[in-house]
$ cat protein-v9.txt   # compact mmCIF, C-alpha atoms
# COMPACT_ATOMS: atom_id res chain seq x y z
CA MET A 19 0.04 2.20 32.68
CA THR A 20 -3.66 1.39 32.79
CA ALA A 21 -5.04 0.16 29.49
CA LEU A 22 -8.14 1.77 28.04
CA ARG A 23 -11.02 -0.60 27.50
CA PRO A 24 -11.48 -1.33 23.76
CA GLU A 25 -14.92 -0.49 22.41
CA THR A 26 -16.81 -1.48 19.23
CA LEU A 27 -13.84 -3.26 17.66
CA PRO A 28 -12.92 -6.96 17.55
CA THR A 29 -10.39 -8.31 19.98
CA PRO A 30 -7.23 -9.98 18.61
CA SER A 31 -7.76 -13.63 17.82
CA ALA A 32 -5.74 -16.54 16.57
CA ALA A 33 -4.93 -16.24 12.88
CA PRO A 34 -6.00 -18.94 10.43
CA ALA A 35 -3.33 -21.34 9.28
CA MET A 36 -1.53 -21.16 5.96
CA PRO A 37 -0.97 -24.28 3.89
CA GLY A 38 1.89 -26.17 5.49
CA GLY A 39 0.87 -25.32 9.05
CA THR A 40 2.40 -21.84 9.44
CA SER A 41 -0.13 -19.30 10.70
CA LEU A 42 -0.61 -16.12 8.69
CA ALA A 43 0.18 -13.99 11.73
CA ALA A 44 3.37 -15.95 12.43
CA SER A 45 4.49 -15.51 8.83
CA ALA A 46 3.87 -11.77 9.07
CA ARG A 47 6.07 -11.59 12.16
CA MET A 48 8.99 -13.43 10.61
CA PRO A 49 12.07 -11.18 10.84
CA VAL A 50 12.63 -9.08 7.72
CA ARG A 51 15.18 -6.42 7.03
CA SER A 52 13.53 -3.05 6.46
CA ALA A 53 14.69 0.55 6.30
CA GLY A 54 11.79 1.88 8.34
CA PRO A 55 8.32 1.01 9.66
CA VAL A 56 6.46 -1.48 7.49
CA VAL A 57 3.00 -3.02 7.43
CA THR A 58 3.38 -6.71 8.23
CA GLU A 59 -0.25 -7.81 8.57
CA LEU A 60 -3.55 -6.87 6.95
CA ARG A 61 -6.80 -7.69 8.76
CA LEU A 62 -10.17 -7.69 7.02
CA SER A 63 -12.58 -8.44 9.85
CA ALA A 64 -15.56 -7.62 7.64
CA PHE A 65 -14.79 -6.14 4.22
CA ALA A 66 -16.34 -6.97 0.83
CA SER A 67 -16.04 -10.76 0.46
CA HIS A 68 -13.72 -11.14 3.48
CA ARG A 69 -14.74 -12.02 7.02
CA GLY A 70 -12.27 -12.65 9.83
CA ALA A 71 -9.34 -12.67 7.38
CA VAL A 72 -5.74 -12.13 8.53
CA PHE A 73 -3.06 -11.86 5.83
CA PRO A 74 0.73 -11.66 6.18
CA ILE A 75 2.53 -8.87 4.32
CA GLY A 76 6.15 -9.76 3.62
CA PRO A 77 8.79 -8.20 1.34
CA VAL A 78 7.13 -9.79 -1.73
CA THR A 79 3.53 -10.89 -1.13
CA LEU A 80 1.11 -12.04 -3.80
CA PHE A 81 -2.57 -12.77 -3.40
CA GLY A 82 -3.53 -15.65 -5.67
CA GLY A 83 -6.84 -17.21 -6.54
CA PRO A 84 -9.60 -17.35 -9.14
CA GLY A 85 -11.88 -14.47 -10.04
CA GLY A 86 -14.16 -13.46 -7.21
CA SER A 87 -11.84 -14.72 -4.47
CA GLY A 88 -11.17 -11.23 -3.09
CA LYS A 89 -7.66 -10.54 -4.39
CA SER A 90 -8.38 -7.01 -5.57
CA SER A 91 -10.46 -6.12 -2.50
CA ALA A 92 -7.53 -7.05 -0.24
CA LEU A 93 -5.32 -4.54 -2.07
CA ARG A 94 -8.14 -2.00 -2.05
CA ALA A 95 -8.36 -2.24 1.73
CA TYR A 96 -4.57 -1.82 2.05
CA GLU A 97 -4.63 1.29 -0.13
CA ALA A 98 -7.60 2.67 1.80
CA LEU A 99 -5.71 2.34 5.08
CA ALA A 100 -2.72 4.04 3.47
CA ARG A 101 -4.83 6.98 2.33
CA LEU A 102 -6.49 7.30 5.72
CA GLY A 103 -3.03 7.25 7.31
CA GLY A 104 -2.11 10.13 5.02
CA GLY A 105 -5.03 12.18 6.32
CA ASP A 106 -7.42 11.81 3.39
CA PRO A 107 -11.11 12.32 4.25
CA LEU A 108 -13.28 9.23 4.43
CA ALA A 109 -15.55 10.18 1.51
CA GLU A 110 -12.57 10.43 -0.86
CA VAL A 111 -11.14 7.11 0.27
CA PHE A 112 -14.48 5.27 -0.02
CA PRO A 113 -16.53 6.88 -2.84
CA ASP A 114 -18.78 3.78 -2.89
CA PRO A 115 -18.79 2.60 0.74
CA ALA A 116 -21.77 0.25 0.28
CA ALA A 117 -19.59 -1.91 -1.98
CA CYS A 118 -17.25 -2.52 0.97
CA VAL A 119 -19.99 -3.92 3.21
CA PRO A 120 -19.93 -7.74 3.23
CA GLU A 121 -22.60 -9.14 0.96
CA GLY A 122 -25.66 -10.24 2.91
CA ALA A 123 -24.75 -8.18 5.99
CA ALA A 124 -27.95 -7.17 7.72
CA ALA A 125 -28.57 -3.69 9.04
CA ASP A 126 -29.12 -3.11 12.76
CA PRO A 127 -32.42 -1.70 14.10
CA GLN A 128 -31.20 1.84 13.27
CA GLY A 129 -30.50 0.85 9.65
CA ARG A 130 -26.72 0.94 10.07
CA ARG A 131 -24.29 -1.25 8.11
CA GLY A 132 -20.53 -1.03 7.83
CA PHE A 133 -17.18 -2.76 7.55
CA ARG A 134 -13.99 -3.26 9.61
CA ILE A 135 -10.37 -3.24 8.49
CA GLY A 136 -7.00 -3.06 10.23
CA CYS A 137 -3.29 -3.72 10.01
CA THR A 138 -0.09 -4.16 12.02
CA ALA A 139 3.01 -2.03 11.49
CA ASP A 140 6.41 -3.15 12.79
CA GLY A 141 9.22 -0.76 13.63
CA PRO A 142 11.19 0.78 16.51
CA ALA A 143 8.05 0.86 18.70
CA GLY A 144 7.49 -2.88 18.21
CA PRO A 145 4.35 -4.31 16.60
CA VAL A 146 1.57 -1.70 16.59
CA ARG A 147 -2.01 -2.66 15.68
CA LEU A 148 -4.64 -0.43 14.13
CA ASP A 149 -8.29 -1.48 13.83
CA VAL A 150 -11.01 0.72 12.34
CA ALA A 151 -14.79 0.29 12.24
CA ILE A 152 -16.50 2.29 9.49
CA GLN A 153 -20.22 2.90 9.13
CA ALA A 154 -21.23 2.90 5.46
CA GLU A 155 -24.98 3.41 5.85
CA PRO A 156 -26.94 5.55 6.43
CA THR A 157 -24.04 8.00 6.90
CA LEU A 158 -20.39 7.34 6.09
CA ARG A 159 -18.31 7.83 9.24
CA ILE A 160 -15.63 6.24 11.42
CA VAL A 161 -17.49 4.88 14.45
CA GLY A 162 -14.59 3.21 16.24
CA GLU A 163 -10.81 3.09 16.13
CA ARG A 164 -8.23 1.38 18.29
CA LEU A 165 -4.45 1.69 18.31
CA THR A 166 -2.60 -0.86 20.44
CA GLY A 167 1.02 -1.59 21.23
CA GLY A 168 2.85 -3.57 23.88
CA GLY A 169 -0.36 -5.34 24.83
CA GLU A 170 -2.16 -2.10 25.75
CA THR A 171 -4.68 0.10 24.00
CA LEU A 172 -3.05 3.49 23.38
CA LEU A 173 -5.91 5.20 21.56
CA THR A 174 -9.57 4.39 21.32
CA THR A 175 -12.46 6.27 19.73
CA ALA A 176 -16.20 5.64 19.84
CA LEU A 177 -19.31 7.26 18.46
CA ARG A 178 -21.25 8.74 21.39
CA ASP A 179 -23.73 11.09 19.71
CA PRO A 180 -24.93 10.08 16.21
CA GLY A 181 -26.18 13.63 15.74
CA ARG A 182 -22.66 15.08 15.79
CA ALA A 183 -19.90 14.63 13.23
CA THR A 184 -17.39 13.65 15.92
CA VAL A 185 -16.22 10.64 17.89
CA GLN A 186 -15.03 10.64 21.49
CA ALA A 187 -11.31 9.85 21.61
CA ALA A 188 -9.19 8.82 24.60
CA TRP A 189 -5.43 8.36 24.70
CA HIS A 190 -2.79 7.82 27.39
CA THR A 191 -0.88 10.62 29.02
CA ALA A 192 0.52 8.83 32.11
CA GLY A 193 0.84 12.18 33.86
CA ALA A 194 -1.30 13.89 36.47
CA VAL A 195 -4.28 12.93 34.26
CA PRO A 196 -3.80 9.32 33.12
CA VAL A 197 -6.10 9.58 30.10
CA THR A 198 -6.85 12.53 27.82
CA ARG A 199 -10.29 12.71 26.23
CA ALA A 200 -11.28 14.94 23.34
CA PRO A 201 -13.61 14.93 20.32
CA LEU A 202 -12.14 14.11 16.91
CA PRO A 203 -13.79 14.39 13.49
CA ASP A 204 -15.56 11.23 12.36
CA ASP A 205 -14.27 11.50 8.77
CA ARG A 206 -10.55 11.33 9.56
CA LEU A 207 -8.34 8.62 11.04
CA GLY A 208 -7.62 9.57 14.66
CA THR A 209 -4.19 7.92 14.56
CA ALA A 210 -3.12 10.33 11.79
CA LEU A 211 -4.32 13.31 13.86
CA LEU A 212 -2.52 12.34 17.08
CA PRO A 213 0.85 13.95 16.23
CA LEU A 214 -1.03 17.27 16.02
CA ARG A 215 -2.92 16.75 19.30
CA VAL A 216 -0.42 15.10 21.68
CA ALA A 217 2.20 17.31 23.32
CA GLY A 218 4.73 14.54 23.93
CA ARG A 219 5.67 15.71 27.44
CA THR A 220 5.02 12.58 29.48
CA GLU A 221 6.20 9.00 29.07
CA GLY A 222 2.69 7.93 28.09
CA GLN A 223 2.35 10.69 25.50
CA LEU A 224 5.71 9.78 23.99
CA ARG A 225 4.65 6.18 23.74
CA VAL A 226 1.39 7.10 22.04
CA LEU A 227 3.23 9.40 19.63
CA ALA A 228 5.83 6.74 18.77
CA ALA A 229 3.11 4.19 18.00
CA ALA A 230 1.00 6.63 15.95
CA GLU A 231 3.96 7.95 13.96
CA GLN A 232 5.19 4.43 13.24
CA MET A 233 1.77 3.46 11.91
CA VAL A 234 1.44 6.62 9.82
CA VAL A 235 4.93 6.28 8.28
CA GLY A 236 4.32 2.59 7.52
CA LEU A 237 1.01 3.35 5.84
CA ARG A 238 1.87 6.49 3.92
CA SER A 239 4.85 5.00 2.07
CA VAL A 240 2.61 3.33 -0.54
CA PHE A 241 2.49 3.57 -4.32
CA ALA A 242 -0.42 1.93 -6.14
CA CYS A 243 0.80 1.08 -9.64
CA GLU A 244 -1.56 0.28 -12.51
CA PRO A 245 0.39 0.62 -15.79
CA GLN A 246 -1.93 1.58 -18.66
CA PRO A 247 -0.27 0.68 -22.00
CA GLN A 248 -2.85 2.65 -24.01
CA TRP A 249 -1.68 5.83 -22.26
CA MET A 250 2.03 5.03 -22.16
CA ARG A 251 2.51 5.24 -25.92
CA ALA A 252 1.90 9.00 -26.19
CA PRO A 253 4.75 11.56 -25.83
CA VAL A 254 4.88 13.34 -22.46
CA PRO A 255 5.82 16.87 -21.33
CA ILE A 256 9.33 17.60 -20.10
CA GLY A 257 9.63 17.82 -16.32
CA ASP A 258 6.64 15.58 -15.52
CA ASP A 259 9.04 13.20 -13.79
CA ARG A 260 7.13 11.87 -10.77
CA LEU A 261 5.77 8.54 -11.97
CA ARG A 262 1.99 8.52 -12.01
CA ARG A 263 -0.25 5.60 -11.13
CA GLY A 264 -0.89 4.72 -14.77
CA CYS A 265 2.84 5.12 -15.68
CA ASP A 266 1.80 7.23 -18.69
CA ASN A 267 4.68 9.66 -18.05
CA LEU A 268 7.30 6.91 -18.18
CA ALA A 269 9.51 8.76 -20.70
CA ALA A 270 9.99 11.76 -18.38
CA VAL A 271 10.83 9.49 -15.45
CA LEU A 272 13.33 7.60 -17.58
CA GLU A 273 15.08 10.87 -18.47
CA ARG A 274 15.36 11.73 -14.80
CA THR A 275 16.60 8.35 -13.60
CA ARG A 276 19.09 8.04 -16.45
CA ALA A 277 20.68 11.34 -15.44
CA GLN A 278 20.57 10.82 -11.66
CA CYS A 279 21.48 7.16 -11.13
CA VAL A 280 23.65 5.43 -13.71
CA GLN A 281 23.80 2.15 -11.79
CA ARG A 282 20.04 1.76 -11.40
CA HIS A 283 19.49 2.78 -15.01
CA ALA A 284 21.91 0.08 -16.09
CA ARG A 285 19.90 -2.48 -14.10
CA LEU A 286 16.75 -1.25 -15.80
CA VAL A 287 18.36 -1.71 -19.24
CA ALA A 288 19.32 -5.26 -18.24
CA ALA A 289 15.74 -5.90 -17.09
CA ALA A 290 14.39 -4.54 -20.39
CA HIS A 291 16.72 -6.84 -22.31
CA ALA A 292 15.47 -9.81 -20.28
CA GLY A 293 11.77 -9.02 -20.68
CA CYS A 294 11.37 -7.36 -24.08
CA ALA A 295 11.56 -8.99 -27.49
CA GLY A 296 14.89 -8.73 -29.29
CA THR A 297 18.12 -7.19 -28.07
CA VAL A 298 17.94 -4.13 -25.81
CA THR A 299 21.21 -2.27 -25.31
CA ALA A 300 19.90 1.09 -24.03
CA LEU A 301 16.87 2.99 -22.80
CA ASP A 302 16.96 6.48 -24.23
CA VAL A 303 14.67 9.49 -24.42
CA GLU A 304 14.10 11.48 -27.61
CA ARG A 305 13.07 15.14 -27.50
CA LEU A 306 10.49 15.85 -30.17
CA GLY A 307 9.99 19.10 -32.06
CA ASP A 308 7.12 20.22 -29.86
CA GLY A 309 9.27 19.83 -26.72
CA SER A 310 7.71 16.57 -25.57
CA LEU A 311 9.56 13.35 -24.78
CA ARG A 312 9.38 9.86 -26.25
CA ALA A 313 11.08 6.81 -24.80
CA MET A 314 13.22 4.67 -27.10
CA LEU A 315 14.74 1.20 -26.80
CA GLY A 316 18.27 1.08 -28.19
CA ARG A 317 18.88 -2.05 -30.24
CA GLY A 318 22.59 -1.65 -31.00
CA ALA A 319 24.29 -0.58 -34.23
CA GLY A 320 22.43 2.71 -34.12
CA ARG A 321 18.96 1.15 -34.24
CA ALA A 322 16.16 2.11 -31.87
CA THR A 323 12.52 1.20 -31.29
CA PRO A 324 10.02 3.89 -30.18
CA ILE A 325 8.13 2.82 -27.07
CA GLU A 326 4.79 3.07 -28.84
CA ARG A 327 5.72 0.03 -30.93
CA LEU A 328 5.98 -2.25 -27.89
CA GLY A 329 3.24 -4.69 -26.99
CA ASP A 330 1.03 -4.26 -23.94
CA GLY A 331 2.92 -6.91 -21.97
CA GLU A 332 6.29 -5.31 -22.74
CA LEU A 333 5.04 -1.89 -21.67
CA ARG A 334 3.56 -3.18 -18.42
CA TYR A 335 6.74 -5.14 -17.70
CA LEU A 336 8.96 -2.11 -18.37
CA ALA A 337 6.83 0.16 -16.18
CA LEU A 338 6.79 -2.29 -13.27
CA ALA A 339 10.55 -2.82 -13.51
CA LEU A 340 11.02 0.96 -13.44
CA VAL A 341 8.91 1.23 -10.27
CA LEU A 342 10.86 -1.54 -8.55
CA LEU A 343 14.23 0.02 -9.39
CA THR A 344 13.56 3.72 -8.80
CA GLY A 345 12.02 3.64 -5.31
CA PRO A 346 10.24 6.43 -3.42
CA GLU A 347 12.25 9.32 -4.84
CA ALA A 348 10.85 8.88 -8.36
CA VAL A 349 7.24 7.81 -7.83
CA GLY A 350 4.26 9.99 -7.05
CA THR A 351 3.69 8.80 -3.49
CA ASP A 352 3.00 10.94 -0.44
CA ALA A 353 5.55 9.38 1.89
CA GLU A 354 6.24 10.90 5.28
CA GLY A 355 8.17 14.05 4.40
CA GLU A 356 9.93 14.39 7.74
CA VAL A 357 11.48 10.92 7.49
CA PRO A 358 14.70 10.65 5.43
CA SER A 359 14.31 8.50 2.32
CA ALA A 360 17.01 6.17 3.68
CA MET A 361 14.64 5.32 6.54
CA GLN A 362 11.56 4.74 4.37
CA THR A 363 10.33 1.52 2.81
CA LEU A 364 8.14 1.93 -0.26
CA ALA A 365 5.25 -0.52 -0.56
CA VAL A 366 4.25 -1.01 -4.21
CA LEU A 367 0.67 -2.21 -4.72
CA ALA A 368 0.18 -3.93 -8.08
CA ASP A 369 -3.28 -5.31 -8.69
CA GLY A 370 -3.20 -7.69 -11.64
CA LEU A 371 0.59 -7.90 -11.52
CA ASP A 372 0.65 -10.70 -14.09
CA ARG A 373 -1.77 -9.07 -16.55
CA ASP A 374 -0.46 -9.35 -20.15
CA LEU A 375 2.86 -10.80 -18.92
CA ASP A 376 4.32 -14.06 -20.18
CA ASP A 377 5.98 -16.59 -17.88
CA GLY A 378 9.47 -15.21 -18.44
CA GLN A 379 8.47 -11.61 -17.76
CA LEU A 380 6.71 -12.57 -14.52
CA ARG A 381 9.73 -14.56 -13.33
CA GLU A 382 12.07 -11.66 -14.10
CA LEU A 383 9.88 -9.17 -12.25
CA LEU A 384 9.56 -11.37 -9.18
CA ALA A 385 13.31 -12.01 -9.09
CA LEU A 386 13.90 -8.26 -9.39
CA ALA A 387 11.41 -7.54 -6.59
CA VAL A 388 13.11 -10.06 -4.29
CA SER A 389 16.54 -8.62 -5.09
CA VAL A 390 15.52 -5.00 -4.53
CA GLY A 391 13.43 -5.95 -1.49
CA ALA A 392 16.47 -7.46 0.17
CA THR A 393 17.82 -3.92 0.67
CA GLY A 394 14.83 -3.15 2.91
CA HIS A 395 13.72 -0.13 0.87
CA LEU A 396 10.92 -1.73 -1.15
CA ARG A 397 8.10 -4.22 -0.73
CA LEU A 398 5.81 -5.56 -3.45
CA ILE A 399 2.21 -6.55 -2.74
CA GLY A 400 0.28 -7.74 -5.77
CA THR A 401 -2.35 -10.06 -7.13
CA VAL A 402 -1.93 -12.87 -9.64
CA THR A 403 -4.26 -15.40 -11.22
CA GLY A 404 -4.36 -19.01 -10.05
CA PRO A 405 -1.88 -20.57 -12.54
CA ASN A 406 0.63 -17.78 -12.05
CA ALA A 407 0.31 -18.10 -8.28
CA GLU A 408 1.73 -21.60 -8.60
CA ARG A 409 4.61 -20.30 -10.73
CA ALA A 410 5.28 -17.46 -8.27
CA ARG A 411 5.45 -19.93 -5.42
CA GLU A 412 8.56 -21.41 -7.05
CA THR A 413 10.46 -18.11 -6.64
CA PRO A 414 12.45 -18.04 -3.39
CA GLY A 415 11.51 -15.05 -1.26
CA VAL A 416 7.94 -14.76 -2.57
CA THR A 417 4.97 -15.33 -0.22
CA VAL A 418 1.78 -16.46 -1.95
CA VAL A 419 -1.51 -16.13 -0.06
CA ASP A 420 -4.12 -18.46 -1.58
CA LEU A 421 -7.71 -17.20 -1.59
CA GLU A 422 -10.86 -19.13 -2.37
CA PRO A 423 -14.06 -17.65 -3.83
$ encode --input "protein-v9.txt" --output "structure tokens"
Amino acid sequence: MTALRPETLPTPSAAPAMPGGTSLAASARMPVRSAGPVVTELRLSAFASHRGAVFPIGPVTLFGGPGGSGKSSALRAYEALARLGGGDPLAEVFPDPAACVPEGAAADPQGRRGFRIGCTADGPAGPVRLDVAIQAEPTLRIVGERLTGGGETLLTTALRDPGRATVQAAWHTAGAVPVTRAPLPDDRLGTALLPLRVAGRTEGQLRVLAAAEQMVVGLRSVFACEPQPQWMRAPVPIGDDRLRRGCDNLAAVLERTRAQCVQRHARLVAAAHAGCAGTVTALDVERLGDGSLRAMLGRGAGRATPIERLGDGELRYLALALVLLTGPEAVGTDAEGEVPSAMQTLAVLADGLDRDLDDGQLRELLALAVSVGATGHLRLIGTVTGPNAERARETPGVTVVDLEP
């Protein structure tokens, strides 16, 4: 098969070394047990404060560092790739694209500035790389994309006519015509559109489809979790049982999980006992007179504490433990619908994972993440402050990526 010539995007290069001499790329390729395709490497060639950065993504990966070191922007780039993989339009994914352009980046003679991000997804098709170049100014658009696997470029796109809202795409067919060329919209990820455009009749087409579908499945199985204690204290409607980003409907999700999975609910009660003040013997849901639900912590001997009386740290801890234990079937994520849940791996993004948590709560959450992650159905990618990064490093199974401002 003849490889297409990559255009506009950076060529793969050696990854920087992690403390201790292990390269970031090598760490990302270390064998891990997973249920389905997973993202194992995040590349920020030019994004916000990052230039030429390559980060490993393991079962439990934490970005540590002081304020301004780029922890949150790394997770923002990961989530952006996930949304693009799900087919979201560029303007919705990047409402403020200028903020993603590296500070001090000069415009070219045509006044254009942009940023570049990418990732690697491992799965049945082997390691598959995706790299995307995005123009932020003067017009937001994807100006170049490259999907590679097995050492060859399977898809490439390039902006040919700035006056049109399309890019020229080329992908392998390995049939009578070795390469298929067609225009694709410049506000959508071409890799996500390939399953709708490629027939899958030839060996080359099947290979392209396998790589694209692996990347899309690995990216779409993402849940960004930002528990908001100020919202979690209010009662919630019955039936609103797909956990939202802010976890404000926690009571409805608890009612669902308690009824559907006794074993996981018991683990959640044990986690609540370990991370909340006092004795916790049960997690119950009370139906109020207006038909709404309120979560309750059973204390034994008939006593119970309404969830609104918990502190911010306890509420964040309880919400994060719930996310780690329930998996893709109970969270509001747009995973690949055609892939059975048993073959999906949920990636939980938790910016500010350690916010409001004490040392014991953080240790319990990390231990829980490692335990659940060992099944291959869940990965945790979060950010922690400098002191907590050192504490997290002491937990076996946790990868800490140190960032400097």
$ closest_residue --input "protein-v9.txt" --among "A:Gly415, A:Gly329, A:Gly236, A:Gly70" --to "Met250 in chain A" --atoms "all atoms listed in the file"
A:Gly329
$ closest_residue --input "protein-v9.txt" --among "A:Gly218, A:Pro405, A:Gly162, A:Gly144" --to "Asp377 in chain A" --atoms "all atoms listed in the file"
A:Pro405
$ residues_around --input "protein-v9.txt" --residues "Asn267 in chain A" --least-positions-apart "6" --cutoff "10 Å" --atoms "all atoms listed in the file" --output "CSV table (one decimal) with C-alpha atoms, in the coordinates of the input"
chain,number,residue,atom,x,y,z
A,249,TRP,CA,-1.7,5.8,-22.3
A,250,MET,CA,2.0,5.0,-22.2
A,251,ARG,CA,2.5,5.2,-25.9
A,252,ALA,CA,1.9,9.0,-26.2
A,253,PRO,CA,4.8,11.6,-25.8
A,254,VAL,CA,4.9,13.3,-22.5
A,255,PRO,CA,5.8,16.9,-21.3
A,256,ILE,CA,9.3,17.6,-20.1
A,257,GLY,CA,9.6,17.8,-16.3
A,258,ASP,CA,6.6,15.6,-15.5
A,259,ASP,CA,9.0,13.2,-13.8
A,260,ARG,CA,7.1,11.9,-10.8
A,261,LEU,CA,5.8,8.5,-12.0
A,311,LEU,CA,9.6,13.4,-24.8
A,312,ARG,CA,9.4,9.9,-26.2
A,313,ALA,CA,11.1,6.8,-24.8
A,337,ALA,CA,6.8,0.2,-16.2
$ closest_residue --input "protein-v9.txt" --among "A:Phe81, A:Pro156, A:Thr209, A:Val235" --to "Gly141 in chain A" --atoms "all atoms listed in the file"
A:Val235
$ closest_residue --input "protein-v9.txt" --among "A:Ser63, A:Thr220, A:Thr299, A:Ser91" --to "Val150 in chain A" --atoms "only C-alpha atoms"
A:Ser63
$ closest_residue --input "protein-v9.txt" --among "A:Thr175, A:Thr166, A:Thr344, A:Thr58" --to "Ala151 in chain A" --atoms "only C-alpha atoms"
A:Thr175
$ residues_around --input "protein-v9.txt" --residues "Arg182 in chain A" --least-positions-apart "4" --cutoff "9 Å" --atoms "all atoms listed in the file" --output "MDAnalysis selection string"
chainID A and resid 177:178 204
$ atom_distance --input "protein-v9.txt" --atom1 "CA of Ala368 in chain A" --atom2 "CA of Leu93 in chain A"
8.2 Å
$ residues_around --input "protein-v9.txt" --residues "Thr138 in chain A" --least-positions-apart "5" --cutoff "12 Å" --atoms "only C-alpha atoms" --output "PyMOL selection string"
chain A and resi 30+43+46-47+55-62+72-76+96+99+143-150+164-167+229-230+232-234+236-237
$ atom_distance --input "protein-v9.txt" --atom1 "CA of Gly293 in chain A" --atom2 "CA of Leu336 in chain A"
7.8 Å
$ atom_distance --input "protein-v9.txt" --atom1 "CA of Arg101 in chain A" --atom2 "CA of Ala124 in chain A"
27.6 Å
$ closest_residue --input "protein-v9.txt" --among "A:Pro196, A:Gly404, A:Gly122, A:Pro201" --to "Pro423 in chain A" --atoms "only C-alpha atoms"
A:Gly404
$ residues_around --input "protein-v9.txt" --residues "Pro247 in chain A" --least-positions-apart "5" --cutoff "8 Å" --atoms "only C-alpha atoms" --output "PyMOL selection string"
chain A and resi 266+330+333-334
$ residues_around --input "protein-v9.txt" --residues "Gly316 in chain A" --least-positions-apart "4" --cutoff "9 Å" --atoms "only C-alpha atoms" --output "list in words"
Thr297, Val298, Thr299, Ala300, Leu301, Asp302, Gly320, Arg321, Ala322, Thr323 and Pro324 of chain A
$ residues_near_point --input "protein-v9.txt" --point "(-10.7, -16.3, -9.8)" --cutoff "12 Å" --atoms "all atoms listed in the file" --output "list in words"
Phe81, Gly82, Gly83, Pro84, Gly85, Gly86, Ser87, Gly88, Lys89, Ser90, Gly370, Thr401, Val402, Thr403, Gly404, Pro405, Asn406, Ala407, Asp420, Leu421, Glu422 and Pro423 of chain A
$ decode --input "protein-v9.txt" --residues "range 325-336 of chain A" --atoms "N, CA, C and O atoms" --output "PDB file, in the first residue's frame"
ATOM      1  N   ILE A 325     -28.369  14.736  52.424  1.00  0.00           N
ATOM      2  CA  ILE A 325     -27.144  15.048  51.692  1.00  0.00           C
ATOM      3  C   ILE A 325     -26.809  16.538  51.734  1.00  0.00           C
ATOM      4  O   ILE A 325     -25.620  16.912  51.661  1.00  0.00           O
ATOM      5  N   GLU A 326     -27.819  17.379  51.916  1.00  0.00           N
ATOM      6  CA  GLU A 326     -27.532  18.817  51.917  1.00  0.00           C
ATOM      7  C   GLU A 326     -26.737  19.258  53.147  1.00  0.00           C
ATOM      8  O   GLU A 326     -26.192  20.360  53.179  1.00  0.00           O
ATOM      9  N   ARG A 327     -26.629  18.389  54.150  1.00  0.00           N
ATOM     10  CA  ARG A 327     -25.867  18.736  55.344  1.00  0.00           C
ATOM     11  C   ARG A 327     -24.387  18.372  55.226  1.00  0.00           C
ATOM     12  O   ARG A 327     -23.598  18.686  56.106  1.00  0.00           O
ATOM     13  N   LEU A 328     -24.006  17.708  54.132  1.00  0.00           N
ATOM     14  CA  LEU A 328     -22.608  17.336  53.961  1.00  0.00           C
ATOM     15  C   LEU A 328     -21.772  18.534  53.522  1.00  0.00           C
ATOM     16  O   LEU A 328     -22.264  19.471  52.889  1.00  0.00           O
ATOM     17  N   GLY A 329     -20.493  18.488  53.848  1.00  0.00           N
ATOM     18  CA  GLY A 329     -19.580  19.529  53.418  1.00  0.00           C
ATOM     19  C   GLY A 329     -19.238  19.395  51.944  1.00  0.00           C
ATOM     20  O   GLY A 329     -19.494  18.362  51.309  1.00  0.00           O
ATOM     21  N   ASP A 330     -18.620  20.435  51.388  1.00  0.00           N
ATOM     22  CA  ASP A 330     -18.284  20.422  49.966  1.00  0.00           C
ATOM     23  C   ASP A 330     -17.353  19.269  49.615  1.00  0.00           C
ATOM     24  O   ASP A 330     -17.529  18.598  48.586  1.00  0.00           O
ATOM     25  N   GLY A 331     -16.360  19.020  50.458  1.00  0.00           N
ATOM     26  CA  GLY A 331     -15.429  17.923  50.188  1.00  0.00           C
ATOM     27  C   GLY A 331     -16.117  16.579  50.200  1.00  0.00           C
ATOM     28  O   GLY A 331     -15.835  15.714  49.351  1.00  0.00           O
ATOM     29  N   GLU A 332     -17.031  16.367  51.141  1.00  0.00           N
ATOM     30  CA  GLU A 332     -17.761  15.096  51.213  1.00  0.00           C
ATOM     31  C   GLU A 332     -18.635  14.908  49.978  1.00  0.00           C
ATOM     32  O   GLU A 332     -18.711  13.794  49.423  1.00  0.00           O
ATOM     33  N   LEU A 333     -19.282  15.977  49.529  1.00  0.00           N
ATOM     34  CA  LEU A 333     -20.145  15.866  48.354  1.00  0.00           C
ATOM     35  C   LEU A 333     -19.325  15.570  47.098  1.00  0.00           C
ATOM     36  O   LEU A 333     -19.702  14.720  46.281  1.00  0.00           O
ATOM     37  N   ARG A 334     -18.201  16.267  46.932  1.00  0.00           N
ATOM     38  CA  ARG A 334     -17.360  15.999  45.770  1.00  0.00           C
ATOM     39  C   ARG A 334     -16.815  14.573  45.821  1.00  0.00           C
ATOM     40  O   ARG A 334     -16.782  13.871  44.806  1.00  0.00           O
ATOM     41  N   TYR A 335     -16.396  14.141  46.980  1.00  0.00           N
ATOM     42  CA  TYR A 335     -15.875  12.779  47.130  1.00  0.00           C
ATOM     43  C   TYR A 335     -16.953  11.753  46.775  1.00  0.00           C
ATOM     44  O   TYR A 335     -16.690  10.792  46.033  1.00  0.00           O
ATOM     45  N   LEU A 336     -18.159  11.942  47.302  1.00  0.00           N
ATOM     46  CA  LEU A 336     -19.242  10.988  47.048  1.00  0.00           C
ATOM     47  C   LEU A 336     -19.588  10.946  45.562  1.00  0.00           C
ATOM     48  O   LEU A 336     -19.797   9.863  44.988  1.00  0.00           O
TER      49      LEU A 336
END
